[in-house]
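So the structure is just underneath, and the comments pick up after that.
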Amino acid sequence: MLIDGEWDPDARLATDDAGNFVRQHTTFRETVSPDQAATHPVESDRYHLYVSLACPWAHRTLIGRQALGLEDVISVDVVDPVRINDGWEFSPEKEGCTPDTVNGTEYLRDVYRTADPTFTGRVTVPVLWDREKQTIVNNESIEILRMLDTAFVDGFDRPFTLYPDEFADEIDSVVEAIYEPINNGVYRAGFAKTQEAYESAVTDLFEALDHWEAILDNQRYLVGERLTEADVCLFTTLIRFDAVYHIHFKCSRQRIRDYPNLWNYLKELYQLPAFGDTVDLEHIRTHYYTSHGDINPSRIIAMAPSLPLEEPHNRDRLDGGPPPEFIG
Ligand SMILES: N[C@@H](CCC(=O)N[C@@H](CS)C(=O)NCC(=O)O)C(=O)O
């Protein structure tokens with residue numbers, strides 16, 4: 001991480017006294033606004049995303065960008081999936097990676113330093129960059145996803161919304177309900193430093209998955225008949241589960257493929273372009289197995305499981321469905 005703008009490769013992920021993984025809070029929390037007098041007014045070709053295709057948090061923003069038709073409005077650079085001593089870096093020669101086309105840096109930490117030369121904290125993706133103000137607007141995925149949906153509206157050719165007003169409260173509560181046990185829960189299991197901390201995390205995780213498995217028996221999406229932001233947030237964890245979390249993070253009770261409803265739900269989402277096109281299982285597997293030396297010191301990448309995501313799903317039996325614009 002960066003400490004006062006200096007890179008410290010030995011600073012480790014935080015755990016509390018009981019061995020529980022504690023996620024740090026993100027620090028850049030500004031917003032792109034439809035108000036042209038704001039610090040970061042909405043504008044085409046001004047904002048840029050730095051992502052890793054491996055990262056479930058960054059993946060949310062890529063799905064939002066494509067689903068909301070903002071690919072020509074917001075540019076993207078992709079870091080190297082292997083993150084070792086120098087943190088996220090740009091390796092344009094590698095498949096699926098790009099250079100830093102905006103700031104020309106070699107390491108993402110230098111983008112953080114440009115925004116704040118005395119920055120202290122972890123250098124994480126996603127990052128939403130403002131070319132005009134030469135700074136980071138925001139590095140919290142749910143806020144970036146929401147901003148794409150709510151700020152880039154007037155003057156943009158927007159097919160639909162992932163955050164419809166009439167469901168806003170419900171979406172907020174589902175996003176919050178899945179965050180701790182599922183989205184962050186897989187990390188709490190994987191980075192636990194004691195048996196108790198691990199067991200508590202996997203128990204919460206599978207209880208929450210069991211709960212949503214039951215809901216999805218009668219309901220097409222997490223908040224009902226409409227596909228929303230909440231589904232984006234669950235998808236990016238589910239798509240990594242069988243190939244990575246089940247093995248690398250010891251989320252071993254069962255796979256998503258063993259849950260009939262979650263598996264069919266995952267297949268349905270995967271088959272929508274904004275979801276499927278943004279999945280890179282090579283970057284995902286490479287990143288996790290090579291980048292956490294403390295839990296996989298050999299850095300051997302586990303063989304890819306069979307994941308027939310293109311096979312038919314049975315979600316048409318339920319009311320609702322993706323908006324036609326989504327099908328592409
Ligand atoms: N709360 C942040 C979390 C982002 C995050 O933890 N990203 C990971 C990649 S999956 C990262 O960049 N980690 C680098 C590090 O912790 O040093 C969000 O949702 O955007």
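Letters A, B, ... mark the chains of the structure tokens in the order given; residue numbers begin at 1 per chain; ligand numbers begin at 1, in order shown.
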Check: Got a sec to tell me which of stretch 122-288 of chain A DSSP assigns to strand (DSSP E or B), as a ChimeraX atom specification?
Finding: /A:127-130,135-138,221,224
Next item on the list: Grab me every residue within 6 Å of ligand 1, counting only C-alpha atoms and all ligand atoms, and send it over as a list in words.
Entry: Thr26, Cys55, Pro56, Trp57, Arg122, Val123, Thr124, Val125, Pro126, Asn139, Glu140 and Ser141 of chain A
Notebook entry, point to check: Counting only C-alpha atoms, what is within 7 Å of A:Pro181, bar same-chain residues fewer than 4 positions away, as an MDAnalysis selection string?
Noted result: chainID A and resid 185 204:205 208
Counting only C-alpha atoms, which residues of stretch 58-158 of chain A fall within 12 Å of stretch 230-252 of chain A, and what is the closest atom pair for each with its distance in Å at one decimal, ordered by chain and rising number, as JSON lines?
```
{"residue": "A:Ala58", "atom": "CA", "partner": "A:Thr236", "partner_atom": "CA", "distance": 9.1}
{"residue": "A:His59", "atom": "CA", "partner": "A:Thr236", "partner_atom": "CA", "distance": 6.4}
{"residue": "A:Arg60", "atom": "CA", "partner": "A:Val232", "partner_atom": "CA", "distance": 6.0}
{"residue": "A:Thr61", "atom": "CA", "partner": "A:Val232", "partner_atom": "CA", "distance": 9.0}
{"residue": "A:Leu62", "atom": "CA", "partner": "A:Val232", "partner_atom": "CA", "distance": 10.0}
{"residue": "A:Ile63", "atom": "CA", "partner": "A:Val232", "partner_atom": "CA", "distance": 7.2}
{"residue": "A:Gly64", "atom": "CA", "partner": "A:Val232", "partner_atom": "CA", "distance": 7.9}
{"residue": "A:Arg65", "atom": "CA", "partner": "A:Val232", "partner_atom": "CA", "distance": 11.5}
{"residue": "A:Gln66", "atom": "CA", "partner": "A:Val232", "partner_atom": "CA", "distance": 11.9}
{"residue": "A:Ala67", "atom": "CA", "partner": "A:Val232", "partner_atom": "CA", "distance": 10.2}
{"residue": "A:Ser141", "atom": "CA", "partner": "A:Cys233", "partner_atom": "CA", "distance": 9.5}
{"residue": "A:Ile142", "atom": "CA", "partner": "A:Cys233", "partner_atom": "CA", "distance": 8.2}
{"residue": "A:Glu143", "atom": "CA", "partner": "A:Cys233", "partner_atom": "CA", "distance": 11.9}
{"residue": "A:Leu145", "atom": "CA", "partner": "A:Val232", "partner_atom": "CA", "distance": 9.4}
{"residue": "A:Arg146", "atom": "CA", "partner": "A:Ala230", "partner_atom": "CA", "distance": 10.8}
```
Note to self: So that I can check the surroundings of A:Phe119, please list as a list in words every protein, DNA and RNA residue that reaches within 9 Å of it, counting only C-alpha atoms and ignoring chain neighbours fewer than 5 positions away.
What the structure shows: Leu2, Ile3, Asp4, Gly5, Glu6, Tyr112 and Arg113 of chain A
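Closest approach to A:Asp210 among A:Leu222, A:Leu262, A:Ala151, A:Ala168: A:Leu262, based on only C-alpha atoms.
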List the spatial neighbours of A:Val153 as a PDB file with C-alpha atoms, in the first residue's frame - criterion: any atom at most 10 Å away, only C-alpha atoms, same-chain residues fewer than 6 positions off excluded.
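The new file part.pdb reads:
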```pdb
ATOM      1  CA  PRO A  34     -25.462  16.377 -13.975  1.00  0.00           C
ATOM      2  CA  VAL A  42     -21.077  15.022 -16.520  1.00  0.00           C
ATOM      3  CA  LEU A  68     -26.019   1.547 -19.991  1.00  0.00           C
ATOM      4  CA  MET A 147     -23.131   7.345 -10.871  1.00  0.00           C
ATOM      5  CA  PRO A 159     -31.333   2.310 -23.175  1.00  0.00           C
ATOM      6  CA  PHE A 160     -32.760   1.866 -19.669  1.00  0.00           C
ATOM      7  CA  THR A 161     -31.846   2.056 -15.987  1.00  0.00           C
TER       8      THR A 161
END
```
Checklist line | helix (DSSP H, G or I) positions in stretch 19-117 of chain A, given as a PyMOL selection string | finding: chain A and resi 56-67+108-115
Report as a tab-separated table the residues of stretch 166-211 of chain A within 10 Å of stretch 295-312 of chain A, each with its shortest atom pair and distance in Å (one decimal), using only C-alpha atoms, ordered by chain and increasing residue number.
```
residue	atom	partner	partner_atom	distance
A:Gly190	CA	A:Ile295	CA	7.9
A:Phe191	CA	A:Ile295	CA	7.7
A:Ala192	CA	A:Ile295	CA	9.9
```
Check: Quick one: of A:Ile178, A:Ile284, A:Ala11, A:Ala274, who's nearest to A:Thr120, counting only C-alpha atoms?
Finding: A:Ala11
Note to self: Show me, as a PyMOL selection string, the residues that have an atom within 12 Å of A:Glu95 when counting only C-alpha atoms, minus same-chain residues fewer than 5 positions from it.
What the structure shows: chain A and resi 53+78-81+90+280+282-283+286
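Between A:Asp17 and the residues A:Glu30, A:Glu196, A:Asp45, A:Glu213, the shortest atom-to-atom distance, using only C-alpha atoms, involves A:Glu196.
One distance worth recording is that between atom CA of A:Gln219 and atom CA of A:Arg257, which is 18.5 Å.
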